[in-house]
$ cat model-v4.txt   # compact mmCIF, C-alpha atoms and all ligand atoms
# COMPACT_ATOMS: atom_id res chain seq x y z
CA MET A 1 -60.87 -40.22 32.09
CA LYS A 2 -61.31 -39.52 35.78
CA ILE A 3 -63.38 -37.04 37.75
CA ARG A 4 -62.68 -35.68 41.24
CA LEU A 5 -65.73 -35.93 43.48
CA ALA A 6 -66.47 -34.68 46.99
CA SER A 7 -68.69 -37.62 47.87
CA THR A 8 -70.55 -40.58 46.47
CA LEU A 9 -73.63 -39.92 44.34
CA GLN A 10 -76.56 -38.64 46.39
CA LYS A 11 -79.85 -40.12 45.25
CA ASP A 12 -83.43 -38.94 45.84
CA SER A 13 -82.77 -35.21 46.28
CA ILE A 14 -85.81 -32.94 45.94
CA VAL A 15 -83.96 -29.66 46.58
CA ASP A 16 -81.40 -29.66 43.75
CA GLY A 17 -83.74 -29.13 40.82
CA GLU A 18 -87.09 -30.28 39.55
CA GLY A 19 -88.34 -33.73 40.50
CA ILE A 20 -86.33 -36.46 42.17
CA ARG A 21 -82.67 -36.11 41.32
CA THR A 22 -79.28 -37.66 41.89
CA VAL A 23 -76.60 -35.14 42.80
CA ILE A 24 -73.02 -35.47 41.58
CA TRP A 25 -70.91 -33.48 44.07
CA THR A 26 -67.77 -32.39 42.24
CA GLN A 27 -64.66 -31.42 44.20
CA GLY A 28 -62.88 -28.09 43.64
CA CYS A 29 -64.15 -24.52 43.48
CA PRO A 30 -62.15 -21.31 42.97
CA HIS A 31 -64.87 -18.87 44.02
CA HIS A 32 -64.72 -19.02 47.85
CA CYS A 33 -68.05 -17.24 48.30
CA PRO A 34 -68.43 -15.99 51.89
CA GLY A 35 -71.12 -18.12 53.56
CA CYS A 36 -70.69 -21.05 51.14
CA HIS A 37 -72.68 -24.02 52.41
CA ASN A 38 -70.01 -26.47 51.32
CA PRO A 39 -66.45 -25.18 51.99
CA SER A 40 -64.99 -28.68 52.19
CA THR A 41 -65.51 -28.95 48.41
CA HIS A 42 -63.23 -25.99 47.55
CA ASP A 43 -59.84 -27.75 47.58
CA PHE A 44 -58.96 -29.01 44.08
CA LYS A 45 -56.82 -31.71 45.71
CA GLY A 46 -59.53 -32.81 48.14
CA GLY A 47 -62.18 -35.49 47.74
CA PHE A 48 -61.26 -38.51 45.65
CA GLU A 49 -60.77 -39.44 42.01
CA VAL A 50 -62.95 -41.99 40.28
CA ASP A 51 -63.13 -43.36 36.74
CA LEU A 52 -65.94 -41.96 34.63
CA GLU A 53 -66.89 -45.52 33.66
CA THR A 54 -67.56 -46.30 37.34
CA VAL A 55 -69.81 -43.24 37.67
CA LYS A 56 -71.59 -44.16 34.43
CA ASP A 57 -72.32 -47.63 35.82
CA GLU A 58 -73.88 -46.00 38.89
CA ILE A 59 -75.95 -43.67 36.69
CA LYS A 60 -77.08 -46.65 34.62
CA ASP A 61 -78.30 -48.42 37.77
CA LEU A 62 -80.31 -45.44 39.05
CA LYS A 63 -83.98 -46.10 39.66
CA GLY A 64 -86.87 -43.65 40.14
CA GLN A 65 -84.82 -40.54 39.33
CA ASP A 66 -85.90 -37.72 37.00
CA GLY A 67 -82.40 -36.46 36.39
CA ILE A 68 -78.95 -35.71 37.63
CA THR A 69 -77.67 -32.45 39.07
CA PHE A 70 -74.03 -31.37 39.05
CA SER A 71 -73.12 -29.41 42.16
CA GLY A 72 -70.07 -29.03 44.32
CA GLY A 73 -67.60 -27.51 44.24
CA ASP A 74 -67.94 -26.02 40.81
CA PRO A 75 -68.62 -28.58 38.06
CA MET A 76 -67.48 -26.10 35.37
CA TYR A 77 -63.89 -26.63 36.52
CA GLN A 78 -64.12 -30.27 35.42
CA ALA A 79 -66.19 -29.46 32.37
CA LYS A 80 -64.79 -32.15 30.11
CA ALA A 81 -65.50 -35.01 32.50
CA CYS A 82 -68.89 -33.58 33.48
CA LYS A 83 -69.88 -33.24 29.83
CA GLU A 84 -69.21 -36.92 29.27
CA LEU A 85 -71.29 -37.90 32.30
CA ALA A 86 -74.07 -35.52 31.30
CA LYS A 87 -74.19 -36.95 27.79
CA PHE A 88 -74.39 -40.46 29.20
CA ALA A 89 -77.14 -39.47 31.67
CA LYS A 90 -79.18 -38.01 28.82
CA SER A 91 -78.80 -41.25 26.87
CA GLN A 92 -80.45 -42.91 29.89
CA GLY A 93 -83.43 -40.53 29.69
CA LEU A 94 -82.32 -38.31 32.59
CA SER A 95 -82.44 -34.52 32.55
CA VAL A 96 -79.34 -32.53 33.49
CA TRP A 97 -79.15 -29.53 35.84
CA CYS A 98 -75.90 -27.85 36.83
CA TYR A 99 -74.81 -25.28 39.42
CA THR A 100 -71.84 -23.01 38.80
CA GLY A 101 -70.31 -19.95 40.44
CA ASP A 102 -69.46 -18.64 36.97
CA THR A 103 -71.99 -16.54 35.11
CA PHE A 104 -73.57 -17.86 31.93
CA GLU A 105 -71.60 -15.23 30.00
CA GLU A 106 -68.31 -16.43 31.53
CA VAL A 107 -69.13 -20.03 30.66
CA LEU A 108 -69.62 -19.02 27.02
CA GLU A 109 -66.06 -17.67 26.86
CA ASP A 110 -64.34 -20.96 27.74
CA LYS A 111 -64.19 -23.69 25.09
CA GLU A 112 -64.59 -26.70 27.43
CA LYS A 113 -67.25 -25.07 29.60
CA ARG A 114 -69.16 -24.01 26.48
CA ALA A 115 -69.06 -27.59 25.20
CA PHE A 116 -70.45 -28.86 28.53
CA LEU A 117 -73.37 -26.42 28.15
CA ASP A 118 -74.60 -28.44 25.17
CA GLU A 119 -75.48 -31.30 27.55
CA ILE A 120 -77.11 -29.15 30.27
CA ASP A 121 -80.87 -28.50 30.36
CA ILE A 122 -80.91 -26.01 33.24
CA LEU A 123 -77.97 -23.96 34.54
CA ILE A 124 -78.06 -22.12 37.89
CA ASP A 125 -75.33 -19.53 37.55
CA GLY A 126 -73.49 -16.99 39.67
CA LYS A 127 -71.71 -16.91 43.00
CA PHE A 128 -73.57 -17.27 46.27
CA GLU A 129 -73.99 -13.76 47.71
CA LEU A 130 -74.58 -13.61 51.44
CA LYS A 131 -76.27 -10.17 51.20
CA ASN A 132 -78.79 -11.59 48.72
CA ARG A 133 -79.38 -14.86 50.58
CA SER A 134 -82.98 -15.97 51.09
CA LEU A 135 -84.54 -19.21 52.28
CA ASP A 136 -87.63 -18.44 50.16
CA LEU A 137 -85.82 -18.98 46.88
CA LYS A 138 -86.42 -22.25 45.08
CA PHE A 139 -83.35 -24.22 43.97
CA LYS A 140 -80.90 -21.39 44.65
CA GLY A 141 -79.28 -19.71 47.62
CA SER A 142 -79.19 -16.02 46.69
CA SER A 143 -81.35 -13.84 44.47
CA ASN A 144 -78.52 -12.85 42.10
CA GLN A 145 -78.32 -16.43 40.85
CA ARG A 146 -80.30 -17.25 37.71
CA ILE A 147 -82.15 -20.44 36.76
CA ILE A 148 -81.47 -20.56 33.04
CA ASP A 149 -83.05 -22.51 30.20
CA VAL A 150 -79.82 -23.36 28.37
CA ALA A 151 -81.22 -24.49 25.00
CA LYS A 152 -83.43 -21.39 24.66
CA SER A 153 -80.61 -19.09 25.77
CA LEU A 154 -78.23 -20.50 23.18
CA LYS A 155 -80.88 -20.30 20.48
CA GLU A 156 -81.89 -16.72 21.27
CA ASN A 157 -78.33 -15.58 22.04
CA GLN A 158 -79.41 -14.10 25.37
CA VAL A 159 -80.10 -15.43 28.87
CA VAL A 160 -83.62 -16.92 29.06
CA LEU A 161 -84.79 -17.66 32.61
CA VAL A 162 -87.12 -20.54 33.45
CA PRO A 163 -90.41 -18.61 34.00
CA GLU A 164 -91.73 -20.67 36.93
CA TYR A 165 -88.65 -19.85 39.01
CA ILE A 166 -88.59 -16.08 38.48
CA GLU A 167 -89.41 -14.82 41.95
CA PRO A 168 -92.33 -12.33 42.21
CA LYS A 169 -90.16 -9.90 44.15
CA VAL A 170 -88.64 -8.88 40.81
CA TYR A 171 -91.80 -6.69 40.56
CA ALA A 172 -91.66 -5.48 44.18
CA PRO A 173 -90.18 -2.03 43.42
CA LEU A 174 -93.25 -1.17 41.31
CA TYR A 175 -95.60 -1.98 44.18
CA GLN A 176 -93.40 -0.09 46.60
CA LYS A 177 -93.87 3.02 44.47
CA GLY A 178 -97.64 2.53 44.77
CA GLU A 179 -98.10 1.91 41.07
CA ASP A 180 -101.01 -0.22 39.93
CA LEU A 181 -99.91 -2.94 37.52
CA PHE A 182 -103.47 -3.58 36.35
CA ILE A 183 -104.29 -0.13 34.96
S1 LIG A 201 -69.55 -21.32 43.85
FE1 LIG A 201 -70.76 -22.64 45.19
S2 LIG A 201 -69.32 -24.16 46.01
FE2 LIG A 201 -68.10 -22.47 45.14
S3 LIG A 201 -67.70 -21.12 46.91
FE3 LIG A 201 -69.53 -20.35 45.86
S4 LIG A 201 -71.26 -21.31 46.94
FE4 LIG A 201 -69.40 -22.47 47.46
$ encode --input "model-v4.txt" --output "structure tokens"
Amino acid sequence: MKIRLASTLQKDSIVDGEGIRTVIWTQGCPHHCPGCHNPSTHDFKGGFEVDLETVKDEIKDLKGQDGITFSGGDPMYQAKACKELAKFAKSQGLSVWCYTGDTFEEVLEDKEKRAFLDEIDILIDGKFELKNRSLDLKFKGSSNQRIIDVAKSLKENQVVLVPEYIEPKVYAPLYQKGEDLFI
């Protein structure tokens, strides 16, 4: 099987998830979010194709990495290939994060995307929204996006966010009304 990538694997990233990670930049995204940081990855015929076995060899040779992160592009549109790579990465002791412009609920509706979820530890979902963009957000571009604990969400049959990445401003409206949270 082959996968279409936008670039070679990017090692030592500290901005694409927890710890030191290697990013797999997939090619192809249907969402076309205004303000997308990576428009060159939208074309499903762009980038280059590579055998999964070649990518697995590169993953096997990684040193000093905590995990891999699928980004792009939208990895969910090559879910079958990404699942195989994710499964292999996990067998090497690496954690798996994945970005997608789909929502978690949309991913659940598609058989191949749902199967890929089984190999993902953390999913950052939702389109990038320019009006909700903030540089203060950790590991995401806009506040509508959610950093989701996949295993817990599947178990509890509802979206469970990773607590340490829920931004405090979720509570801002209460303070703005002058209410005291400690009464
Ligand atoms: S989902 Fe991501 S890669 Fe796709 S257009 Fe939106 S920001 Fe860009």
$ closest_residue --input "model-v4.txt" --among "A:Gly47, A:Met76, A:Ser134, A:Lys152" --to "Val107 in chain A" --atoms "all atoms listed in the file"
A:Met76
$ atom_distance --input "model-v4.txt" --atom1 "CA of Lys111 in chain A" --atom2 "CA of Ala81 in chain A"
13.6 Å
$ residues_around --input "model-v4.txt" --residues "Leu52 in chain A" --least-positions-apart "4" --cutoff "7 Å" --atoms "only C-alpha atoms" --output "ChimeraX atom specification"
/A:1-3,56
$ residues_near_ligand --input "model-v4.txt" --ligand "ligand LIG 201 (chain A)" --cutoff "8 Å" --atoms "all atoms listed in the file" --output "list in words"
Gly28, Cys29, Pro30, His31, His32, Cys33, Pro34, Gly35, Cys36, His37, Asn38, Pro39, Thr41, His42, Ser71, Gly72, Gly73, Asp74, Tyr99, Thr100, Gly101, Asp102, Gly126, Lys127 and Phe128 of chain A
$ residues_around --input "model-v4.txt" --residues "Glu84 in chain A" --least-positions-apart "3" --cutoff "9 Å" --atoms "all atoms listed in the file" --output "ChimeraX atom specification"
/A:52,79-81,87-89,116,119
$ write_last_selection --input "model-v4.txt" --atoms "C-alpha atoms" --output "PDB file, keeping the file's coordinate frame"
ATOM      1  CA  LEU A  52     -65.940 -41.960  34.630  1.00  0.00           C
ATOM      2  CA  ALA A  79     -66.190 -29.460  32.370  1.00  0.00           C
ATOM      3  CA  LYS A  80     -64.790 -32.150  30.110  1.00  0.00           C
ATOM      4  CA  ALA A  81     -65.500 -35.010  32.500  1.00  0.00           C
ATOM      5  CA  LYS A  87     -74.190 -36.950  27.790  1.00  0.00           C
ATOM      6  CA  PHE A  88     -74.390 -40.460  29.200  1.00  0.00           C
ATOM      7  CA  ALA A  89     -77.140 -39.470  31.670  1.00  0.00           C
ATOM      8  CA  PHE A 116     -70.450 -28.860  28.530  1.00  0.00           C
ATOM      9  CA  GLU A 119     -75.480 -31.300  27.550  1.00  0.00           C
TER      10      GLU A 119
END
$ atom_distance --input "model-v4.txt" --atom1 "CA of Leu117 in chain A" --atom2 "CA of Ile148 in chain A"
11.1 Å
$ atom_distance --input "model-v4.txt" --atom1 "CA of Lys138 in chain A" --atom2 "CA of Ser153 in chain A"
20.4 Å
$ closest_residue --input "model-v4.txt" --among "A:Val160, A:Ala6, A:Val150, A:Ile166" --to "Asp136 in chain A" --atoms "only C-alpha atoms"
A:Ile166
$ closest_residue --input "model-v4.txt" --among "A:Ile14, A:Leu5, A:Leu108, A:Val96" --to "Lys83 in chain A" --atoms "all atoms listed in the file"
A:Val96
$ residues_around --input "model-v4.txt" --residues "Leu161 in chain A" --least-positions-apart "5" --cutoff "7 Å" --atoms "all atoms listed in the file" --output "JSON, numbers by chain"
{"A": [146, 147, 148, 149]}
$ residues_around --input "model-v4.txt" --residues "Gly141 in chain A" --least-positions-apart "4" --cutoff "9 Å" --atoms "all atoms listed in the file" --output "MDAnalysis selection string"
chainID A and resid 128:130 132:137 145
$ residues_around --input "model-v4.txt" --residues "Thr69 in chain A" --least-positions-apart "6" --cutoff "6 Å" --atoms "all atoms listed in the file" --output "list in words"
Val23, Val96, Trp97 and Cys98 of chain A
$ write_last_selection --input "model-v4.txt" --atoms "C-alpha atoms" --output "PDB file, in the coordinates of the input"
ATOM      1  CA  VAL A  23     -76.600 -35.140  42.800  1.00  0.00           C
ATOM      2  CA  VAL A  96     -79.340 -32.530  33.490  1.00  0.00           C
ATOM      3  CA  TRP A  97     -79.150 -29.530  35.840  1.00  0.00           C
ATOM      4  CA  CYS A  98     -75.900 -27.850  36.830  1.00  0.00           C
TER       5      CYS A  98
END
$ closest_residue --input "model-v4.txt" --among "A:Ile59, A:Cys82, A:Ile20, A:Leu94" --to "Glu112 in chain A" --atoms "all atoms listed in the file"
A:Cys82
$ closest_residue --input "model-v4.txt" --among "A:Ser95, A:Glu53, A:Ser40, A:Leu123" --to "Val159 in chain A" --atoms "only C-alpha atoms"
A:Leu123
$ residues_near_point --input "model-v4.txt" --point "(-67.0, -37.9, 47.5)" --cutoff "9 Å" --atoms "only C-alpha atoms" --output "ChimeraX atom specification"
/A:4-9,24-27,47-49
$ closest_residue --input "model-v4.txt" --among "A:Ser142, A:Thr54, A:Gln65, A:Asp110" --to "Ile124 in chain A" --atoms "all atoms listed in the file"
A:Ser142
